[in-house]
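Below is one structure, written out as structure tokens, with a few remarks after it.
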Amino acid sequence: MTPHPLPEHEIRRLRAVARDEAHLRSLVERRLDGEPLQYLERTAAFAYLDLVVDERVLVPRPETEGLYELACRLASDPKVIVDLCTGSGALALSLKQAFPAAEVHATDISADALDVARLNAGRTGLEVSWHQGDLFEPLPDSLRGKVDLLVANPPYVAEHEFEDLPVDVKREPRVALIAGPTGLEIVERIGAEAARWLKSGGVVIVEIGETQGEAAAACFDGIPAEVRKDLAGKDRYVVGVRP
């Protein structure tokens, strides 16, 4: 079956990065095969930054920009910021730009993702401490009880939901998408530990799936949590403040 042609706006974007007509045809074929447009462009805009993205990281999305904007509104001059599951470094770097005096730490289980994050740090000139490991595990113990702002865009897709994802989304790193059988596994682990890392009055904001609101808010031990909606009116963020 002949594939549908790409929308004209995608053709224009690919033409802007193509070296010649042969390269453009190759990019179009890859896009029609389901490769994310941002991977073909090799960059993605996020907040006020232009970031490198490729098959090693998730494509930054408007919902995560919403998390960034929420953090900027709720955080009051944070001195220590932690970003879990940082991927391309989008949240960590954008928050460092917004709060230049803050000490920013970011973790990811993927060494490949952190390579991309470090590349973006070099491109933007923003200083973040990068730590490879699982969630809180690689963070310095000295940060316990001292974090003013904790953010995360963790995997939150359930295993049974994977096949229903759009073709281009399924080309993104599975480890950054799939949390486990329920989709709440990583959120539960963040919620179990967040209070130990936040200082009194510290804020935690975690991106979640649109059907997970009430269950995700219940995951946070010792932190009253509530669900906030995204611009589409869907449950998208769990927000909590340590008493």
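We label chains A, B, ... in the order they appear in the structure tokens, count residues from 1 in each chain, and number ligands from 1 in the order shown.
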Exercise. Within 6 Å of stretch 202-219 of chain A, counting only C-alpha atoms, which residues qualify if same-chain residues fewer than 2 places away don't, as a list of chain:residue names?
Worked result: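 The neighbour list is A:Asp148, A:Leu149, A:Leu150, A:Val151, A:Ala152, A:Asn153, A:Glu188, A:Gly191, A:Leu198, A:Lys199, A:Ser200, A:Ala225, A:Glu226, A:Val227, A:Lys234, A:Asp235, A:Arg236, A:Tyr237, A:Val238, A:Val239, A:Gly240, A:Val241, A:Arg242.
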For this session: DSSP on the backbone, then: every residue of stretch 56-126 of chain A marked strand (DSSP E), written as a PyMOL selection string.
Result: chain A and resi 80-84+103-108
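Each of A:Tyr68, A:Trp197, A:Tyr39, A:Tyr156 was compared to A:Gly180 using only C-alpha atoms, and A:Tyr156 turns out to be the nearest.
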Kindly assemble as a Markdown table a list of the stretch 118-157 of chain A residues that lie within 12 Å of stretch 70-85 of chain A, each paired with its nearest atom pair and their distance in Å to one decimal, using only C-alpha atoms, sorted first by chain and then by ascending residue number.
```
| residue | atom | partner | partner_atom | distance |
| --- | --- | --- | --- | --- |
| A:Val128 | CA | A:Ile81 | CA | 9.8 |
| A:Ser129 | CA | A:Val82 | CA | 9.5 |
| A:Trp130 | CA | A:Asp83 | CA | 9.6 |
| A:His131 | CA | A:Leu84 | CA | 9.6 |
| A:Gln132 | CA | A:Cys85 | CA | 9.7 |
| A:Gly133 | CA | A:Cys85 | CA | 9.4 |
| A:Asp134 | CA | A:Cys85 | CA | 8.3 |
| A:Leu135 | CA | A:Leu84 | CA | 5.7 |
| A:Phe136 | CA | A:Leu84 | CA | 7.4 |
| A:Glu137 | CA | A:Leu84 | CA | 10.3 |
| A:Pro138 | CA | A:Leu84 | CA | 10.4 |
| A:Leu139 | CA | A:Val82 | CA | 9.0 |
| A:Pro140 | CA | A:Val82 | CA | 11.2 |
| A:Ser142 | CA | A:Val80 | CA | 11.3 |
| A:Leu143 | CA | A:Val80 | CA | 8.3 |
| A:Arg144 | CA | A:Val80 | CA | 10.7 |
| A:Gly145 | CA | A:Val80 | CA | 10.4 |
| A:Lys146 | CA | A:Val80 | CA | 7.0 |
| A:Val147 | CA | A:Val80 | CA | 5.0 |
| A:Asp148 | CA | A:Pro78 | CA | 5.3 |
| A:Leu149 | CA | A:Ile81 | CA | 4.8 |
| A:Leu150 | CA | A:Val82 | CA | 4.9 |
| A:Val151 | CA | A:Asp83 | CA | 4.9 |
| A:Ala152 | CA | A:Leu84 | CA | 4.8 |
| A:Asn153 | CA | A:Cys85 | CA | 6.3 |
| A:Pro154 | CA | A:Cys85 | CA | 5.6 |
| A:Pro155 | CA | A:Cys85 | CA | 8.1 |
| A:Tyr156 | CA | A:Cys85 | CA | 11.4 |
```
For this session: Find the residues around A:Leu40 up to 9 Å (only C-alpha atoms counted), leave out those fewer than 6 positions away in its own chain, and share them as a ChimeraX atom specification.
Result: /A:14,17,27,30-31,54
Serialized selection, C-alpha atoms, as an mmCIF file, in the first residue's frame:
```cif
data_model
loop_
_atom_site.group_PDB
_atom_site.id
_atom_site.type_symbol
_atom_site.label_atom_id
_atom_site.label_comp_id
_atom_site.auth_asym_id
_atom_site.auth_seq_id
_atom_site.Cartn_x
_atom_site.Cartn_y
_atom_site.Cartn_z
ATOM 1 C CA LEU A 14 12.844 18.164 6.849
ATOM 2 C CA VAL A 17 17.877 20.023 7.571
ATOM 3 C CA LEU A 27 14.471 11.614 5.565
ATOM 4 C CA ARG A 30 12.396 7.330 7.432
ATOM 5 C CA ARG A 31 9.580 9.564 8.668
ATOM 6 C CA ASP A 54 18.090 11.207 19.100
#
```
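Proximity to stretch 164-170 of chain A at 9 Å, evaluated using only C-alpha atoms and with sequence-adjacent residues fewer than 3 positions away removed, yields Arg31, Asp33, Gly34, Glu35, Pro36, Leu37, Leu58, Val59, His160, Glu161, Pro173, Arg174 and Leu177 of chain A.
Atom CA of A:Ala47 to atom CA of A:Ala117 spans 15.5 Å [interatomic distance, one decimal].
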For this session: Would you mind listing what lies within 7 Å of A:Ala195 as an MDAnalysis selection string, with only C-alpha atoms counted and same-chain residues fewer than 4 positions away left out?
Result: chainID A and resid 221:223 242
Problem set entry | Filtered DSSP result for stretch 84-215 of chain A, state alpha helix (DSSP H), as a VMD selection string | chain A and resid 90 to 98 111 to 124 185 to 197 213 to 215
Using the selection just defined, write its residues with N, CA and C atoms as an mmCIF file, in the first residue's frame.
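Output file selection_15.cif is given in full below:
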```cif
data_model
loop_
_atom_site.group_PDB
_atom_site.id
_atom_site.type_symbol
_atom_site.label_atom_id
_atom_site.label_comp_id
_atom_site.auth_asym_id
_atom_site.auth_seq_id
_atom_site.Cartn_x
_atom_site.Cartn_y
_atom_site.Cartn_z
ATOM 1 N N ALA A 90 16.299 17.966 29.582
ATOM 2 C CA ALA A 90 15.425 19.107 29.306
ATOM 3 C C ALA A 90 14.994 19.840 30.576
ATOM 4 N N LEU A 91 14.464 19.106 31.558
ATOM 5 C CA LEU A 91 13.995 19.759 32.783
ATOM 6 C C LEU A 91 15.159 20.323 33.594
ATOM 7 N N ALA A 92 16.195 19.527 33.777
ATOM 8 C CA ALA A 92 17.331 19.969 34.593
ATOM 9 C C ALA A 92 17.946 21.244 34.024
ATOM 10 N N LEU A 93 18.185 21.270 32.731
ATOM 11 C CA LEU A 93 18.832 22.427 32.121
ATOM 12 C C LEU A 93 17.911 23.643 32.102
ATOM 13 N N SER A 94 16.630 23.428 31.821
ATOM 14 C CA SER A 94 15.697 24.553 31.808
ATOM 15 C C SER A 94 15.539 25.163 33.199
ATOM 16 N N LEU A 95 15.513 24.304 34.229
ATOM 17 C CA LEU A 95 15.396 24.814 35.593
ATOM 18 C C LEU A 95 16.684 25.518 36.035
ATOM 19 N N LYS A 96 17.825 25.030 35.568
ATOM 20 C CA LYS A 96 19.078 25.734 35.858
ATOM 21 C C LYS A 96 19.070 27.103 35.201
ATOM 22 N N GLN A 97 18.522 27.190 33.998
ATOM 23 C CA GLN A 97 18.426 28.486 33.333
ATOM 24 C C GLN A 97 17.479 29.418 34.088
ATOM 25 N N ALA A 98 16.366 28.870 34.595
ATOM 26 C CA ALA A 98 15.396 29.682 35.319
ATOM 27 C C ALA A 98 15.898 30.102 36.695
ATOM 28 N N ALA A 111 23.097 5.298 30.611
ATOM 29 C CA ALA A 111 24.334 6.019 30.311
ATOM 30 C C ALA A 111 24.230 6.740 28.978
ATOM 31 N N ASP A 112 23.535 6.137 28.012
ATOM 32 C CA ASP A 112 23.359 6.778 26.711
ATOM 33 C C ASP A 112 22.575 8.081 26.840
ATOM 34 N N ALA A 113 21.510 8.051 27.645
ATOM 35 C CA ALA A 113 20.729 9.274 27.837
ATOM 36 C C ALA A 113 21.583 10.370 28.469
ATOM 37 N N LEU A 114 22.396 10.013 29.433
ATOM 38 C CA LEU A 114 23.241 11.017 30.090
ATOM 39 C C LEU A 114 24.290 11.578 29.135
ATOM 40 N N ASP A 115 24.731 10.781 28.172
ATOM 41 C CA ASP A 115 25.639 11.318 27.153
ATOM 42 C C ASP A 115 24.959 12.442 26.378
ATOM 43 N N VAL A 116 23.685 12.258 26.060
ATOM 44 C CA VAL A 116 22.931 13.296 25.361
ATOM 45 C C VAL A 116 22.741 14.511 26.274
ATOM 46 N N ALA A 117 22.417 14.268 27.535
ATOM 47 C CA ALA A 117 22.227 15.371 28.483
ATOM 48 C C ALA A 117 23.510 16.199 28.625
ATOM 49 N N ARG A 118 24.640 15.532 28.716
ATOM 50 C CA ARG A 118 25.919 16.258 28.832
ATOM 51 C C ARG A 118 26.194 17.054 27.556
ATOM 52 N N LEU A 119 25.853 16.485 26.408
ATOM 53 C CA LEU A 119 26.006 17.219 25.154
ATOM 54 C C LEU A 119 25.161 18.483 25.180
ATOM 55 N N ASN A 120 23.936 18.378 25.680
ATOM 56 C CA ASN A 120 23.073 19.550 25.764
ATOM 57 C C ASN A 120 23.586 20.564 26.772
ATOM 58 N N ALA A 121 24.177 20.082 27.849
ATOM 59 C CA ALA A 121 24.769 21.012 28.819
ATOM 60 C C ALA A 121 25.901 21.798 28.171
ATOM 61 N N GLY A 122 26.700 21.116 27.369
ATOM 62 C CA GLY A 122 27.778 21.807 26.676
ATOM 63 C C GLY A 122 27.266 22.828 25.680
ATOM 64 N N ARG A 123 26.199 22.473 24.968
ATOM 65 C CA ARG A 123 25.617 23.387 23.978
ATOM 66 C C ARG A 123 25.023 24.626 24.635
ATOM 67 N N THR A 124 24.417 24.449 25.793
ATOM 68 C CA THR A 124 23.726 25.562 26.443
ATOM 69 C C THR A 124 24.605 26.333 27.417
ATOM 70 N N GLU A 185 4.643 1.812 38.648
ATOM 71 C CA GLU A 185 5.750 1.267 39.440
ATOM 72 C C GLU A 185 6.818 2.311 39.788
ATOM 73 N N ILE A 186 7.200 3.137 38.833
ATOM 74 C CA ILE A 186 8.258 4.117 39.104
ATOM 75 C C ILE A 186 7.718 5.269 39.946
ATOM 76 N N VAL A 187 6.496 5.694 39.689
ATOM 77 C CA VAL A 187 5.879 6.740 40.504
ATOM 78 C C VAL A 187 5.788 6.284 41.960
ATOM 79 N N GLU A 188 5.435 5.025 42.175
ATOM 80 C CA GLU A 188 5.358 4.494 43.537
ATOM 81 C C GLU A 188 6.704 4.572 44.242
ATOM 82 N N ARG A 189 7.770 4.249 43.530
ATOM 83 C CA ARG A 189 9.100 4.288 44.141
ATOM 84 C C ARG A 189 9.536 5.715 44.441
ATOM 85 N N ILE A 190 9.200 6.645 43.556
ATOM 86 C CA ILE A 190 9.516 8.048 43.833
ATOM 87 C C ILE A 190 8.737 8.529 45.048
ATOM 88 N N GLY A 191 7.451 8.198 45.089
ATOM 89 C CA GLY A 191 6.612 8.620 46.207
ATOM 90 C C GLY A 191 7.051 8.057 47.538
ATOM 91 N N ALA A 192 7.615 6.852 47.530
ATOM 92 C CA ALA A 192 8.059 6.221 48.772
ATOM 93 C C ALA A 192 9.277 6.905 49.365
ATOM 94 N N GLU A 193 10.087 7.563 48.534
ATOM 95 C CA GLU A 193 11.347 8.130 49.016
ATOM 96 C C GLU A 193 11.394 9.649 49.025
ATOM 97 N N ALA A 194 10.484 10.301 48.331
ATOM 98 C CA ALA A 194 10.599 11.747 48.132
ATOM 99 C C ALA A 194 10.732 12.524 49.436
ATOM 100 N N ALA A 195 9.959 12.151 50.455
ATOM 101 C CA ALA A 195 9.978 12.914 51.711
ATOM 102 C C ALA A 195 11.338 12.881 52.388
ATOM 103 N N ARG A 196 12.106 11.825 52.158
ATOM 104 C CA ARG A 196 13.438 11.720 52.782
ATOM 105 C C ARG A 196 14.439 12.688 52.165
ATOM 106 N N TRP A 197 14.166 13.125 50.935
ATOM 107 C CA TRP A 197 15.110 13.998 50.235
ATOM 108 C C TRP A 197 14.695 15.454 50.277
ATOM 109 N N GLY A 213 -4.269 9.733 37.978
ATOM 110 C CA GLY A 213 -4.272 10.794 38.968
ATOM 111 C C GLY A 213 -4.433 10.379 40.415
ATOM 112 N N GLU A 214 -5.581 9.840 40.773
ATOM 113 C CA GLU A 214 -5.866 9.519 42.171
ATOM 114 C C GLU A 214 -4.903 8.476 42.711
ATOM 115 N N ALA A 215 -4.640 7.439 41.918
ATOM 116 C CA ALA A 215 -3.731 6.384 42.370
ATOM 117 C C ALA A 215 -2.317 6.908 42.535
#
```
For this session: Skip A:Ala45 itself and residues of its chain fewer than 6 positions away, then list as JSON, numbers by chain all residues within 9 Å of it, counting only C-alpha atoms.
Result: {"A": [51, 52, 60]}
Exercise. When distances are computed from only C-alpha atoms, which of A:Arg25, A:Glu127, A:Asp50, A:Thr86 shows the smallest separation from A:Phe99?
Worked result: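 Selected residue with least distance to A:Phe99: A:Glu127.
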Exercise. Between atom CA of A:Phe162 and atom CA of A:Ser26, what is the distance, to one decimal in Å?
Worked result: 27.4 Å
